[in-house]
There are 2 protein chains.
Amino acid sequence: MAGTGKEERRDDIVELARRRGFIWQAFEIYGGAAGFYDYGPLGARLKRRLETKWREFYLREGFYEIETTTIAPREVFASSGHLASFTDPAVVCKRCSSVFRVDASVHRGVRCPECGGELEPSGEFLLMFQTRIGVTKSDQDPQAQRKGEGYLRPETAQGMFVNFQRLLKFNRDKLPFGILQIGKAYRNEISPRQSLIRLREFTMAEVEIFVAPAEKERHPRFAEVADRSLKLVPQGGEVAEMTVDDAVRRGIIANQYLGYHLARVDQFLEEIGIPRTHVHFRQHLRDEMAHYATDCWDAEFLSEKYSWMEIVGVADRGNYDLSAHAASLHLDLQVQTESGKVVPHVIEPSFGLDRIIYALLESALYEEEVERETRRVLRFTPAIAPVQVAVFPLLNREDLQRKAHEVFEQLRAASFFVEYDTSGSIGKRYRRQDEIGTPYCITIDYQTLEDETVTVRERDTMKQVRVPLSGLQEALK
Amino acid sequence: MAGTGKEERRDDIVELARRRGFIWQAFEIYGGAAGFYDYGPLGARLKRRLETKWREFYLREGFYEIETTTIAPREVFASSGHLASFTDPAVVCKRCSSVFRVDASVHRGVRCPECGGELEPSGEFLLMFQTRIGVTKSDQDPQAQRKGEGYLRPETAQGMFVNFQRLLKFNRDKLPFGILQIGKAYRNEISPRQSLIRLREFTMAEVEIFVAPAEKERHPRFAEVADRSLKLVPQGGEVAEMTVDDAVRRGIIANQYLGYHLARVDQFLEEIGIPRTHVHFRQHLRDEMAHYATDCWDAEFLSEKYSWMEIVGVADRGNYDLSAHAASLHLDLQVQTESGKVVPHVIEPSFGLDRIIYALLESALYEEEVERETRRVLRFTPAIAPVQVAVFPLLNREDLQRKAHEVFEQLRAASFFVEYDTSGSIGKRYRRQDEIGTPYCITIDYQTLEDETVTVRERDTMKQVRVPLSGLQEALK
C-alpha cells in the first residue's frame, strides 16, 4: 500500500489544480495572457485560509494591518527608486521584434527562441505597469501628461512608508512597531513563467517593522526562537544547519532582529505544511540585492519542477526608504529615541502568496497504488485544507439524506468548511475528496439512524472509526 | 445626559476617522490624488471584519468564492460592452483645459468652476484605467499596440463570466449556483468626490447568481424572507413599505429571486448596524441603468452629508453578459435544464464596501454632553467594531500591569480583538475607546488581585459591573 509513483507524481500538479478548481489561467476563453492566473473555488478557499493564518500569525506580534492603494502617482516611485531601478535588461529580435529578458534568453544562445533571428540589446525595461490618472485635454503638453502618470505598485511596502508619520503617531511616537499588509502587486514581466511562479499580477503579504538602528542587536522575544534550527546558505558560503542563536553569535545572521524574523518565517512555513526538508534560507549576493536592501535572506522552497525558488524574502532595508522619501520631500522623518533622533531602519518579511500556494500544492501531492488503482491525495494540513470535512449519505435514500444534511448543517454552523456529496459510490467519493485534500469524510448509514454514530474516515491512513454524533465536533478538532 | 449635539455631530466624521486611524488620504505627503484613500490600522480592521461577515453571509447560501485578476486584456471589455458604454459625458474649459463630468458641472452654470472660462462638450470619456501588458518593440505598429492593451476592471463580475464554463462544471453542470468575489475595482472618474464616496480605486463585494430564466419565479428559500418589510421606491412611484411577499405578488419586484436577494441585502445591512430608518431600495429608471442591466434596485443610505446614496446595487443582468461573450467568441454557453437548453440569467447583489464603511462611520457617530465635556462615541455593533475589548490597569504599578497583561493575553488568545492601554486617567482612556467604538473596557484594580474580579464598562450605557475573571469571556460574548 506504500507510495510508488514518486518519480512521475509531481508533473501534473498544475493539471490537477486546474481540473479540480484550484487555479485557472485567467480569461483563457480569450486566449489568456502570460502571467495572469485566477483562483477557482478551492484555490480561493485555500488562499483565504492561508491569508487568515498569516494575518493572525503577525497580529500576535502586536503588529497592525493597513490597506493602501495599488495605484500611486509617478512621484512616489520616483522617490522610492523604482522608476530608475526596478528594471530588467532586455534583448530584442531584429527579425520578429520579440523581446526577451536577458537571463532567460542568453543561455539558449544568441538566436531568437521564436524565429531564430539575431538578438540585440534593447536596454533596461521598466517592470511597473503604467497608467493615467484622470483626464486632461492637454495631450500635447508634456508637463500635464507627466502629472497624470500613475503606476501599479510593484510591492505593498511603499504604502507603509508614505504613511510613516501617521503610523508613528498611531503608535504614540514610539519605536519599534510593525505594520502588515496583504494585497495585489504587479510586475510587467518581460518573460512570465508558467502557472504561479512568475506572475504579472500577484498577492504579497508584507510586514514592515520600523526599529531604531541600535535596537536591532537585541530582540525582546529572541529567547522564544533562539534554539530553532535553520538551514542557512550565507553569502558565498556552504549550506549549514545551526540554531538562530548560533548564527547570530557567529555573525552569519547580522543581528537578533533579523534572526528573530527568519525564525518566525521558518515557523510559519512549517505550520502551513511546507516540508522542513524542502526549505533553506539563502543570503543574497551583493549584486543580486534589490536597490533598497542592505541585507536580504530568501526562504527558498525546493520544487521538483523549478528547483530552489524564492517564496519569502526577509530584507533589512536599512533607512533607505524613509531617507529617500524624506530627501525628495525635504521632510524630517527622524524619531526621538533614548539614544537621540534617528531615522528608523526597516526589517521586512515579504511573502509571495501565489508561490507559497504552488509550493503547498506541489508538496501536498502524493500518489499510491491501492487495489490496482492510483490513489491521488493532496496531503494538506487541516489548518489550511480548503475543505475540512465531507459528509456523505451512504445511499440516496430520503431518511439517510435528511440525517446527512442535518449533520452537514451542524458542522457548517460550527464554522467548519464542509462539503456534501451524494454522487457515485462511497469509494468514488473518497477518491474525489482525497484529490482535493479533505482530511475527514463522514458517512451516514442505517446504523446512524439507530445509534447516532457515524463513520469517520481519515485521509492519510484511510482508517475508519465509528464516532458518536455527540462527540463529532470535538473529535474533528 | 441625553445626546444634544445632533445638529453638528456629523460634520467631522471624516476628520475623526482621519485622526484616529480609520481612513487617510492616500500618499498625502506627495499632495495626494483625488479619489484615492488608504485604510489605517482601525479602518483596515473594520474593513476586514466587514468582509469576513459578508463572506460568511453569502457562503451560508451555499455559494463559492473565487478570485480573478484585476487586469484583463482589451478583448474582454470589448465583448462585455464596457469599452463602448462605460463612459461619462465630459465638458472641457476652452481657457484652462480643465475637464468636468457633465452632471457635476452643468448645474453650476456654463462657466468653468476653475477659471470661469467657457465650457464646451468634449464627448464621452472612458472610465476604465488603461495600461499595457508586456513589451513590444513594434511601437509603430498599431495592431501590436492594440494587442498589448489592458484595462483595470471596473467591476469584479467579468471574472465570473469569463470563467462560466469552468464554474458550471465545478457545480456538476447544474443550475442555479452562486459565485462571490471581494476585490479591488477601478473607475477613472472625471470628478472624484470627497473621502470614500466616489473613489477611483475601491473594493467591491459581488455575487453573481446563475439561474435558469424560468426559475426566477420561485426561490426555494423565499419563505425565510417573505414577511420581511422593505421600504421600496419603484420606478416612477412613491416610497412604499411592504413585505417582500406583497411586493412580488403585486409585481413591484419582478420575481421571487430578485425579492429574495433584496431581502438578504436588507438583512445584511441591518446585521452590520446600518439603521433601518436610513435605508430604502430604489428601482433604477430605464435611462439610468447600466448597459448590462434589465432591472436594478439600489439599496440607498440616507447620509446627513450626501443625502441618499447608493451602497448596494441588486441587478438582474438577464443573459446580457453570457450572450455577449458567447457572441464575440462564437461559443455556445447554453445549459441543459428540464425545460430545454437555456442561457442562464444573472442576479447580482453588488456591494460598494468603501461607501458602506462611510455609512457605518457616519451612522455610528454620536455625541453627548457628559460632565460639561463632549463625549464622542462610535456606536459600532460589536460584530464589526475594530476593537472589541480594551484592558486597563487602574494604575501603572507593576502588580496591576502584570495582571492586566495576563488578562489581555488571555482574551487575545481567545480571538478577541483587544487593546491594552496604560496612558492617562481611566476617564481619558474610556473617552479614547468610546471614540473608536470599543464596546467594552475592562479595568484591573487592587480588588482584582484579591478576588479575581474586574470592572467591565459598557460603551453606550457607561454602566459598570463587576465580573469574575472566570466568567469574563462568556460575559463578553
# chains A, B, ... in the order shown; residues from 1 in each chain; ligands from 1
call {"tool": "residues_around", "arguments": {"residues": "region 228-236 of chain B", "least_positions_apart": "6", "cutoff": "7 Å", "atoms": "only C-alpha atoms", "output": "ChimeraX atom specification"}}
result
/B:242-244,252,263,280-285
call {"tool": "closest_atom_pairs", "arguments": {"of": "chain B", "to": "chain A", "cutoff": "6 Å", "atoms": "only C-alpha atoms", "output": "tab-separated table"}}
result
residue	atom	partner	partner_atom	distance
B:Phe27	CA	A:Val162	CA	5.9
B:Asp38	CA	A:Thr68	CA	4.5
B:Tyr39	CA	A:Glu67	CA	5.0
B:Gly40	CA	A:Ile66	CA	5.1
B:Pro41	CA	A:Ile66	CA	5.0
B:Ala44	CA	A:Ile66	CA	5.2
B:Tyr64	CA	A:Pro41	CA	5.7
B:Glu65	CA	A:Pro41	CA	5.5
B:Ile66	CA	A:Pro41	CA	5.0
B:Glu67	CA	A:Tyr39	CA	5.0
B:Thr68	CA	A:Asp38	CA	4.4
B:Ser97	CA	A:Lys137	CA	5.7
B:Gln130	CA	A:Thr131	CA	5.7
B:Thr131	CA	A:Thr131	CA	5.1
B:Gly134	CA	A:Asn188	CA	5.8
B:Lys137	CA	A:Ser97	CA	5.7
B:Val162	CA	A:Phe27	CA	5.9
B:Asn188	CA	A:Gly134	CA	5.8
B:Ile190	CA	A:Gly134	CA	5.8
call {"tool": "write_last_selection", "arguments": {"atoms": "N, CA, C and O atoms", "output": "JSON list (two decimals), in the first residue's frame"}}
result
[["chain", "number", "residue", "atom", "x", "y", "z"],
["B", 27, "PHE", "N", -1.14, 58.72, -0.15],
["B", 27, "PHE", "CA", 0.09, 59.48, -0.49],
["B", 27, "PHE", "C", -0.10, 60.98, -0.32],
["B", 27, "PHE", "O", 0.26, 61.77, -1.19],
["B", 38, "ASP", "N", -6.51, 55.52, 1.74],
["B", 38, "ASP", "CA", -5.94, 54.36, 2.42],
["B", 38, "ASP", "C", -6.75, 54.05, 3.67],
["B", 38, "ASP", "O", -7.37, 54.95, 4.25],
["B", 39, "TYR", "N", -6.71, 52.80, 4.10],
["B", 39, "TYR", "CA", -7.27, 52.43, 5.39],
["B", 39, "TYR", "C", -6.14, 52.31, 6.40],
["B", 39, "TYR", "O", -5.19, 51.54, 6.19],
["B", 40, "GLY", "N", -6.24, 53.08, 7.48],
["B", 40, "GLY", "CA", -5.27, 52.98, 8.57],
["B", 40, "GLY", "C", -5.57, 51.75, 9.42],
["B", 40, "GLY", "O", -6.45, 50.95, 9.08],
["B", 41, "PRO", "N", -4.85, 51.58, 10.54],
["B", 41, "PRO", "CA", -4.98, 50.35, 11.34],
["B", 41, "PRO", "C", -6.42, 50.05, 11.77],
["B", 41, "PRO", "O", -6.85, 48.90, 11.68],
["B", 44, "ALA", "N", -8.67, 49.42, 8.51],
["B", 44, "ALA", "CA", -8.39, 48.12, 7.88],
["B", 44, "ALA", "C", -9.01, 47.00, 8.70],
["B", 44, "ALA", "O", -9.55, 46.04, 8.15],
["B", 64, "TYR", "N", -19.91, 29.81, -3.72],
["B", 64, "TYR", "CA", -18.46, 29.67, -3.66],
["B", 64, "TYR", "C", -17.78, 30.98, -4.01],
["B", 64, "TYR", "O", -18.25, 31.73, -4.86],
["B", 65, "GLU", "N", -16.63, 31.20, -3.36],
["B", 65, "GLU", "CA", -15.84, 32.40, -3.65],
["B", 65, "GLU", "C", -14.76, 32.07, -4.67],
["B", 65, "GLU", "O", -14.21, 30.97, -4.67],
["B", 66, "ILE", "N", -14.48, 33.00, -5.57],
["B", 66, "ILE", "CA", -13.30, 32.87, -6.43],
["B", 66, "ILE", "C", -12.51, 34.17, -6.40],
["B", 66, "ILE", "O", -12.96, 35.16, -5.80],
["B", 67, "GLU", "N", -11.34, 34.17, -7.02],
["B", 67, "GLU", "CA", -10.54, 35.38, -7.06],
["B", 67, "GLU", "C", -9.90, 35.50, -8.44],
["B", 67, "GLU", "O", -9.14, 34.65, -8.85],
["B", 68, "THR", "N", -10.27, 36.53, -9.16],
["B", 68, "THR", "CA", -9.79, 36.68, -10.53],
["B", 68, "THR", "C", -8.95, 37.95, -10.65],
["B", 68, "THR", "O", -8.93, 38.78, -9.75],
["B", 97, "SER", "N", -8.36, 74.26, -19.98],
["B", 97, "SER", "CA", -8.32, 72.84, -20.34],
["B", 97, "SER", "C", -8.78, 71.89, -19.25],
["B", 97, "SER", "O", -8.62, 70.68, -19.36],
["B", 130, "GLN", "N", -6.41, 52.51, -18.36],
["B", 130, "GLN", "CA", -5.75, 51.71, -19.39],
["B", 130, "GLN", "C", -4.30, 51.45, -19.01],
["B", 130, "GLN", "O", -3.67, 52.28, -18.34],
["B", 131, "THR", "N", -3.79, 50.30, -19.43],
["B", 131, "THR", "CA", -2.36, 50.04, -19.26],
["B", 131, "THR", "C", -1.89, 49.17, -20.41],
["B", 131, "THR", "O", -2.66, 48.91, -21.35],
["B", 134, "GLY", "N", 3.02, 43.64, -21.01],
["B", 134, "GLY", "CA", 4.20, 43.18, -21.71],
["B", 134, "GLY", "C", 4.85, 44.29, -22.51],
["B", 134, "GLY", "O", 4.53, 45.47, -22.36],
["B", 137, "LYS", "N", 8.60, 45.81, -29.27],
["B", 137, "LYS", "CA", 9.42, 46.86, -29.87],
["B", 137, "LYS", "C", 8.68, 47.57, -31.00],
["B", 137, "LYS", "O", 9.06, 48.64, -31.44],
["B", 162, "VAL", "N", -16.25, 35.21, -17.54],
["B", 162, "VAL", "CA", -15.31, 34.55, -18.44],
["B", 162, "VAL", "C", -14.93, 33.15, -17.94],
["B", 162, "VAL", "O", -14.43, 32.33, -18.70],
["B", 188, "ASN", "N", -11.82, 55.41, -13.51],
["B", 188, "ASN", "CA", -11.03, 56.64, -13.67],
["B", 188, "ASN", "C", -11.97, 57.84, -13.74],
["B", 188, "ASN", "O", -12.12, 58.47, -14.79],
["B", 190, "ILE", "N", -13.92, 61.27, -13.75],
["B", 190, "ILE", "CA", -13.53, 62.62, -14.16],
["B", 190, "ILE", "C", -13.51, 63.56, -12.95],
["B", 190, "ILE", "O", -12.60, 64.35, -12.77]]
call {"tool": "select_by_dssp", "arguments": {"residues": "region 187-316 of chain B", "states": "helix (DSSP H, G or I)", "output": "JSON, numbers by chain"}}
result
{"B": [213, 214, 215, 216, 217, 222, 223, 224, 244, 245, 246, 247, 248, 249, 256, 257, 258, 259, 260, 261, 262, 263, 264, 265, 266, 267, 268, 269, 270, 271, 276, 277, 278, 286, 287, 288]}
call {"tool": "closest_residue", "arguments": {"among": "A:Arg95, A:His405, A:Arg264, A:His345", "to": "Phe210 (chain A)", "atoms": "only C-alpha atoms"}}
result
A:His345
call {"tool": "residues_around", "arguments": {"residues": "Ile311 (chain B)", "least_positions_apart": "3", "cutoff": "8 Å", "atoms": "only C-alpha atoms", "output": "PyMOL selection string"}}
result
chain B and resi 298-301+351-353+355-356
call {"tool": "closest_residue", "arguments": {"among": "A:Ser79, A:Thr203, A:Arg466, A:Ala214", "to": "Ala327 (chain A)", "atoms": "only C-alpha atoms"}}
result
A:Ser79
call {"tool": "select_by_dssp", "arguments": {"residues": "region 306-454 of chain A", "states": "strand (DSSP E)", "output": "number ranges by chain"}}
result
A: 307-318, 335-337, 340-342, 345-352, 365-370, 373-378, 389-393, 418-420, 440-444, 453-454
call {"tool": "atom_distance", "arguments": {"atom1": "CA of Thr156 (chain A)", "atom2": "CA of Ala185 (chain A)"}}
result
6.5 Å
call {"tool": "residues_around", "arguments": {"residues": "Thr422 (chain A)", "least_positions_apart": "2", "cutoff": "7 Å", "atoms": "only C-alpha atoms", "output": "ChimeraX atom specification"}}
result
/A:392-393,396,420,424
call {"tool": "closest_residue", "arguments": {"among": "B:Asp321, B:Asp88, B:Asp434, B:Glu338", "to": "Tyr366 (chain B)", "atoms": "only C-alpha atoms"}}
result
B:Asp434
